[in-house]
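Peer 1: Here it is, the structure, as C-alpha cells.
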Amino acid sequence: MQDQLVIAGKAYNSRLLVGTGKYRDFEQTAQALDASGCDIVTVAIRRVNLGQHAGEPNLLDFLPQNRYTLLPNTAGCYSAEDAIRTLRLARELLDDHRLVKLEVLGDSGNLFPNVKETLKAAEVLVAEGFDVMVYTSDDPIIARELEQIGCCAIMPLASLIGSGMGILNPWNLKLIIEQSSVPVLVDAGVGTASDAAIAMELGCDGVLMNTAIAAAGNPVLMAHAMKLAVEAGRAAYCAERMPKRFYSAVPSSPSEGVISSRKP
C-alpha cells in the first residue's frame, strides 16, 4: 500500500518521527533510530553538537544523512527571538537546510508552549523561506492561525512534554485534524505504543516522540514497538473501524439460512 507522509512537498515512508536526546550515548541513539524505521530525525540545536562545538562528539557522525532527513528544533527557547536565531544558525550549519521544527516554551516547569511567541516566530520564519513544522497547544483556533501563517505541519501536544501521559484530549485533536489541510502530527506526551496507535487511529498524519523511546528500559526495543504501533494505527484508520453498537450484540457468523431445531 502506497501511503506516504508528505511534508513541504517531500514524501516519507515512515510516519514516525524520532528525537535524538536523552539516550545513553550517540551509539544507542543510532540503534534506536534504526529500529524505529523513521525517516525524519529531530535534533535540538541548543543541546546537540552538529559541528558548532569543535572537538566534541558530533551527532552527524552517527547519522547517515543519505538515510535521514534532519529536523532542527528550538527546544529550550522561551522567546520568538531565541527561536528565530537558533533556526538561522541551523540553516548555516546544515547548508541552507529549510525544514525545521519551531518550539517556543512558556514555562520551564511544565514546558507548555507559549502560543503568542510561537505565532510571532512562525510569521518571521515562514517569511524567510523556512518550512516550519510547529509545536503548539491543542487549541484549534491557534492551530488554524498557524496554518494560515504558512506552517507546513501542525504539531499539537497530546500531553505535556516528557510526561508519558498519552492523549488527554482526543476531541480537540479531532477538531484540529478535521479543519487542517496540512499534516497534523502529535508531538509530546506519548508514553507507550498504544498511545501512538491511538493518535494514528484518530487520524493524525504522524507522531513525533523522544522520551517515550529514550527513557524506556530498552530504548531500541521500544523504538521497534513504536514503529509497529504507528503502522498499525494508520492501517486501522485507513481501514475504517466498524461502528460501535451500544447494547446491541451482532453475531460474527451469519444467521440467515441456518438450520434451526426450533419448531415454528
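Lettering and numbering for the C-alpha cells are positional, with chains as A, B, ... in the shown order, residues counted from 1 in each chain, and ligands counted from 1 in the shown order.
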Please, which residues of region 140-223 of chain A, numbered as in this document, come out strand (DSSP E) from DSSP, as a list in words?
Peer 2: Ala153, Ile154, Met155, Pro156, Leu185, Val186, Asp187, Gly206, Val207, Leu208 and Met209 of chain A
Peer 1: Convert the current residue selection to file output with N, CA, C and O atoms, as a compact mmCIF listing (two decimals), in the first residue's frame.
Peer 2:
# COMPACT_ATOMS: atom_id res chain seq x y z
N ALA A 153 3.21 22.01 8.77
CA ALA A 153 2.66 20.93 9.59
C ALA A 153 2.34 21.48 10.96
O ALA A 153 3.09 22.30 11.51
N ILE A 154 1.22 21.05 11.51
CA ILE A 154 0.78 21.46 12.84
C ILE A 154 1.02 20.30 13.79
O ILE A 154 0.64 19.16 13.51
N MET A 155 1.65 20.59 14.96
CA MET A 155 2.06 19.52 15.87
C MET A 155 1.55 19.79 17.28
O MET A 155 2.28 20.24 18.16
N PRO A 156 0.26 19.51 17.53
CA PRO A 156 -0.28 19.74 18.87
C PRO A 156 0.21 18.69 19.86
O PRO A 156 0.49 17.55 19.50
N LEU A 185 0.50 16.24 13.28
CA LEU A 185 1.27 15.20 13.95
C LEU A 185 1.24 15.44 15.45
O LEU A 185 1.47 16.56 15.91
N VAL A 186 0.96 14.41 16.22
CA VAL A 186 1.02 14.53 17.67
C VAL A 186 2.48 14.68 18.09
O VAL A 186 3.35 13.95 17.62
N ASP A 187 2.73 15.65 18.94
CA ASP A 187 4.08 15.93 19.42
C ASP A 187 4.01 16.13 20.92
O ASP A 187 3.37 17.05 21.39
N GLY A 206 0.95 11.63 11.67
CA GLY A 206 2.19 11.08 12.18
C GLY A 206 2.33 11.37 13.66
O GLY A 206 1.50 12.04 14.27
N VAL A 207 3.41 10.85 14.24
CA VAL A 207 3.69 11.04 15.67
C VAL A 207 5.18 11.34 15.82
O VAL A 207 6.02 10.67 15.21
N LEU A 208 5.49 12.36 16.61
CA LEU A 208 6.88 12.65 16.95
C LEU A 208 7.09 12.33 18.42
O LEU A 208 6.27 12.71 19.27
N MET A 209 8.19 11.64 18.73
CA MET A 209 8.45 11.30 20.12
C MET A 209 9.95 11.22 20.37
O MET A 209 10.74 11.01 19.45
Peer 1: For the contact check between region 168-204 of chain A and region 224-230 of chain A, emit one row per residue of region 168-204 of chain A within 9 Å, containing the shortest atom pair and the distance in Å rounded to one decimal, counting only C-alpha atoms, chain then rising number order, as CSV.
Peer 2:
residue,atom,partner,partner_atom,distance
A:Thr192,CA,A:Met226,CA,7.5
A:Ala193,CA,A:Met226,CA,5.2
A:Ser194,CA,A:Ala229,CA,6.7
A:Asp195,CA,A:Ala229,CA,8.4
A:Ala196,CA,A:Val230,CA,5.8
A:Ala197,CA,A:Ala229,CA,4.9
A:Ile198,CA,A:Val230,CA,8.7
A:Ala199,CA,A:Val230,CA,8.3
A:Met200,CA,A:Val230,CA,6.3
A:Glu201,CA,A:Val230,CA,8.9
Peer 1: Selected residues, N, CA and C atoms, written as a short mmCIF file (atom, residue, chain, number, x, y, z; two decimals), in the first residue's frame, please.
Peer 2:
data_model
loop_
_atom_site.label_atom_id
_atom_site.label_comp_id
_atom_site.auth_asym_id
_atom_site.auth_seq_id
_atom_site.Cartn_x
_atom_site.Cartn_y
_atom_site.Cartn_z
N THR A 192 3.72 5.16 25.49
CA THR A 192 3.90 3.77 25.09
C THR A 192 3.25 3.54 23.74
N ALA A 193 3.37 2.32 23.23
CA ALA A 193 2.93 2.04 21.87
C ALA A 193 1.44 2.28 21.66
N SER A 194 0.62 1.96 22.65
CA SER A 194 -0.82 2.15 22.48
C SER A 194 -1.17 3.62 22.30
N ASP A 195 -0.42 4.53 22.92
CA ASP A 195 -0.66 5.97 22.73
C ASP A 195 -0.43 6.36 21.28
N ALA A 196 0.64 5.84 20.70
CA ALA A 196 0.94 6.14 19.30
C ALA A 196 -0.13 5.58 18.38
N ALA A 197 -0.58 4.37 18.66
CA ALA A 197 -1.62 3.76 17.83
C ALA A 197 -2.91 4.55 17.90
N ILE A 198 -3.27 5.02 19.10
CA ILE A 198 -4.50 5.79 19.26
C ILE A 198 -4.41 7.10 18.48
N ALA A 199 -3.26 7.76 18.54
CA ALA A 199 -3.08 9.01 17.79
C ALA A 199 -3.32 8.78 16.30
N MET A 200 -2.79 7.69 15.79
CA MET A 200 -2.95 7.40 14.37
C MET A 200 -4.38 7.00 14.03
N GLU A 201 -5.02 6.27 14.92
CA GLU A 201 -6.41 5.88 14.69
C GLU A 201 -7.34 7.09 14.70
#
Peer 1: At what distance in Å, to one decimal, does CA of Ser163 (chain A) lie from CA of Leu102 (chain A)?
Peer 2: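 It comes out at 19.9 Å.
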Peer 1: Can you list, as a ChimeraX atom specification, every protein, DNA or RNA residue that comes within 12 Å of Glu145 (chain A) when you count only C-alpha atoms, leaving out same-chain residues fewer than 6 positions away?
Peer 2: /A:115-116,118-120,122-123,134,136,139,151,154,176,179-180
Peer 1: Residues at most 12 Å from Trp171 (chain A), counting only C-alpha atoms, excluding those fewer than 5 positions away in the same chain, as a list of chain:residue names?
Peer 2: A:Asp138, A:Asp139, A:Pro140, A:Ala158, A:Ile176, A:Ile177, A:Glu178, A:Ala199, A:Leu202, A:Gly203
Peer 1: Since we have the selection now, will you write its residues out, keeping C-alpha atoms, as an mmCIF file, in the first residue's frame?
Peer 2:
data_model
loop_
_atom_site.group_PDB
_atom_site.id
_atom_site.type_symbol
_atom_site.label_atom_id
_atom_site.label_comp_id
_atom_site.auth_asym_id
_atom_site.auth_seq_id
_atom_site.Cartn_x
_atom_site.Cartn_y
_atom_site.Cartn_z
ATOM 1 C CA ASP A 138 -4.232 21.556 21.250
ATOM 2 C CA ASP A 139 -6.213 24.774 20.688
ATOM 3 C CA PRO A 140 -7.963 24.502 17.280
ATOM 4 C CA ALA A 158 -1.051 15.040 23.394
ATOM 5 C CA ILE A 176 -7.612 20.196 14.555
ATOM 6 C CA ILE A 177 -7.367 17.207 12.211
ATOM 7 C CA GLU A 178 -10.746 17.904 10.606
ATOM 8 C CA ALA A 199 -3.085 9.008 17.791
ATOM 9 C CA LEU A 202 -7.767 9.372 15.428
ATOM 10 C CA GLY A 203 -6.479 10.436 12.030
#
Peer 1: For Ile40 (chain A), which of A:Leu63, A:Ile161, A:Leu168, A:Ala216 is the closest residue, counting only C-alpha atoms?
Peer 2: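 Among A:Leu63, A:Ile161, A:Leu168, A:Ala216, it is A:Leu63 that comes nearest to Ile40 (chain A).
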Peer 1: Using only C-alpha atoms, which of the listed residues (A:Ala30, A:Arg241, A:Asn169, A:Thr42) sits closest to Val18 (chain A)?
Peer 2: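 Ranked by minimum distance to Val18 (chain A), first place goes to A:Thr42.
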Peer 1: What lies within 12 Å of Ala11 (chain A) using only C-alpha atoms, ignoring chain neighbours under 3 positions off, as a ChimeraX atom specification?
Peer 2: /A:2-8,14-15,39-40,69,183
Peer 1: Could you name the residues that touch Gly150 (chain A) at 8 Å or less, counting only C-alpha atoms, but leaving out those on the same chain fewer than 3 positions away, as a ChimeraX atom specification?
Peer 2: /A:123,126,132,146-147
Peer 1: Expressed in Å to a single decimal, how great is the separation between CA of Val48 (chain A) and CA of Thr20 (chain A)?
Peer 2: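 Those two atoms sit 8.3 Å apart.
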Peer 1: Between A:Pro57, A:Gly217, A:Tyr68, A:Thr74, which residue has the minimum interatomic distance to Asn13 (chain A), considering only C-alpha atoms?
Peer 2: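 Checking each candidate against Asn13 (chain A), we get A:Tyr68 as the closest.
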Peer 1: I'd like the neighbourhood of Gly164 (chain A) as a ChimeraX atom specification, where a residue qualifies if any of its atoms comes within 6 Å (using only C-alpha atoms), though same-chain residues fewer than 6 positions away should be ignored.
Peer 2: /A:189-191
Peer 1: What residues in region 44-252 of chain A get the DSSP label helix (DSSP H, G or I)? Please answer as a compact mmCIF listing (two decimals) with C-alpha atoms, in the first residue's frame.
Peer 2:
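Listing of part-v4.txt after writing:
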# COMPACT_ATOMS: atom_id res chain seq x y z
CA LEU A 59 25.86 13.53 16.20
CA LEU A 60 26.13 13.73 12.43
CA ASP A 61 28.97 11.18 12.56
CA PHE A 62 26.41 8.61 13.74
CA ALA A 80 10.43 34.23 19.42
CA GLU A 81 13.79 35.95 19.10
CA ASP A 82 15.71 32.98 20.54
CA ALA A 83 13.84 30.53 18.33
CA ILE A 84 14.46 32.57 15.17
CA ARG A 85 18.15 32.97 15.99
CA THR A 86 18.51 29.24 16.67
CA LEU A 87 16.97 28.18 13.37
CA ARG A 88 19.03 30.69 11.42
CA LEU A 89 22.09 29.02 12.98
CA ALA A 90 20.75 25.61 11.99
CA ARG A 91 20.36 26.78 8.41
CA GLU A 92 24.01 27.83 8.35
CA LEU A 93 25.28 24.63 9.99
CA VAL A 115 1.48 30.41 21.65
CA LYS A 116 1.92 34.19 21.38
CA GLU A 117 5.67 33.85 20.88
CA THR A 118 5.14 30.84 18.63
CA LEU A 119 2.89 32.86 16.31
CA LYS A 120 5.44 35.70 16.18
CA ALA A 121 8.30 33.38 15.35
CA ALA A 122 6.28 31.47 12.76
CA GLU A 123 5.49 34.65 10.83
CA VAL A 124 9.17 35.61 10.59
CA LEU A 125 10.45 32.14 9.75
CA VAL A 126 7.84 31.47 7.04
CA ALA A 127 8.60 34.88 5.52
CA PRO A 140 -7.96 24.50 17.28
CA ILE A 141 -8.04 28.30 16.85
CA ILE A 142 -4.28 28.66 17.33
CA ALA A 143 -3.71 25.68 15.05
CA ARG A 144 -5.76 27.36 12.33
CA GLU A 145 -3.84 30.63 12.70
CA LEU A 146 -0.51 28.80 12.39
CA GLU A 147 -1.68 27.12 9.21
CA GLN A 148 -2.87 30.46 7.82
CA ILE A 149 0.59 31.92 8.51
CA PRO A 170 -8.75 13.45 21.78
CA TRP A 171 -11.69 15.71 20.96
CA ASN A 172 -9.51 18.78 20.42
CA LEU A 173 -7.12 16.73 18.31
CA LYS A 174 -10.04 15.62 16.13
CA LEU A 175 -11.13 19.24 15.68
CA ILE A 176 -7.61 20.20 14.56
CA ILE A 177 -7.37 17.21 12.21
CA GLU A 178 -10.75 17.90 10.61
CA GLN A 179 -10.04 21.59 9.92
CA ALA A 193 2.93 2.04 21.87
CA SER A 194 -0.82 2.15 22.48
CA ASP A 195 -0.66 5.97 22.73
CA ALA A 196 0.94 6.14 19.30
CA ALA A 197 -1.62 3.76 17.83
CA ILE A 198 -4.50 5.79 19.26
CA ALA A 199 -3.08 9.01 17.79
CA MET A 200 -2.95 7.40 14.37
CA GLU A 201 -6.41 5.88 14.69
CA LEU A 202 -7.77 9.37 15.43
CA THR A 211 11.35 10.49 25.78
CA ALA A 212 8.96 7.56 25.27
CA ILE A 213 11.77 5.74 23.48
CA ALA A 214 14.89 7.13 25.15
CA PRO A 219 15.10 2.04 24.07
CA VAL A 220 15.93 0.01 20.96
CA LEU A 221 13.11 -2.47 21.58
CA MET A 222 10.68 0.37 22.39
CA ALA A 223 11.65 2.10 19.14
CA HIS A 224 10.67 -1.06 17.26
CA ALA A 225 7.39 -1.22 19.20
CA MET A 226 6.60 2.38 18.26
CA LYS A 227 7.27 1.62 14.60
CA LEU A 228 4.73 -1.19 14.67
CA ALA A 229 2.20 0.88 16.64
CA VAL A 230 2.27 3.79 14.19
CA GLU A 231 1.91 1.41 11.25
CA ALA A 232 -0.96 -0.48 12.90
CA GLY A 233 -2.78 2.70 13.92
CA ARG A 234 -2.50 4.15 10.43
CA ALA A 235 -3.72 0.91 8.83
CA ALA A 236 -6.69 0.78 11.21
CA TYR A 237 -7.59 4.39 10.40
CA CYS A 238 -7.42 3.76 6.67
CA ALA A 239 -9.43 0.54 7.03
Peer 1: Here is a test: counting only C-alpha atoms, which residue of A:Ala44, A:Ala188, A:Val104, A:Val182 is nearest to Gly166 (chain A)?
Peer 2: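 Going through A:Ala44, A:Ala188, A:Val104, A:Val182 one by one, the smallest distance to Gly166 (chain A) is for A:Ala188.
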Peer 1: Using CA of Arg98 (chain A) and CA of Leu17 (chain A) as the two end points, give the distance in Å to one decimal.
Peer 2: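 Interatomic distance, CA of Arg98 (chain A) to CA of Leu17 (chain A): 17.0 Å.
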Peer 1: Of the candidates A:Val184, A:Leu94, A:Met242, A:Leu157, which one gets nearest to Leu70 (chain A) if we count only C-alpha atoms?
Peer 2: A:Leu94
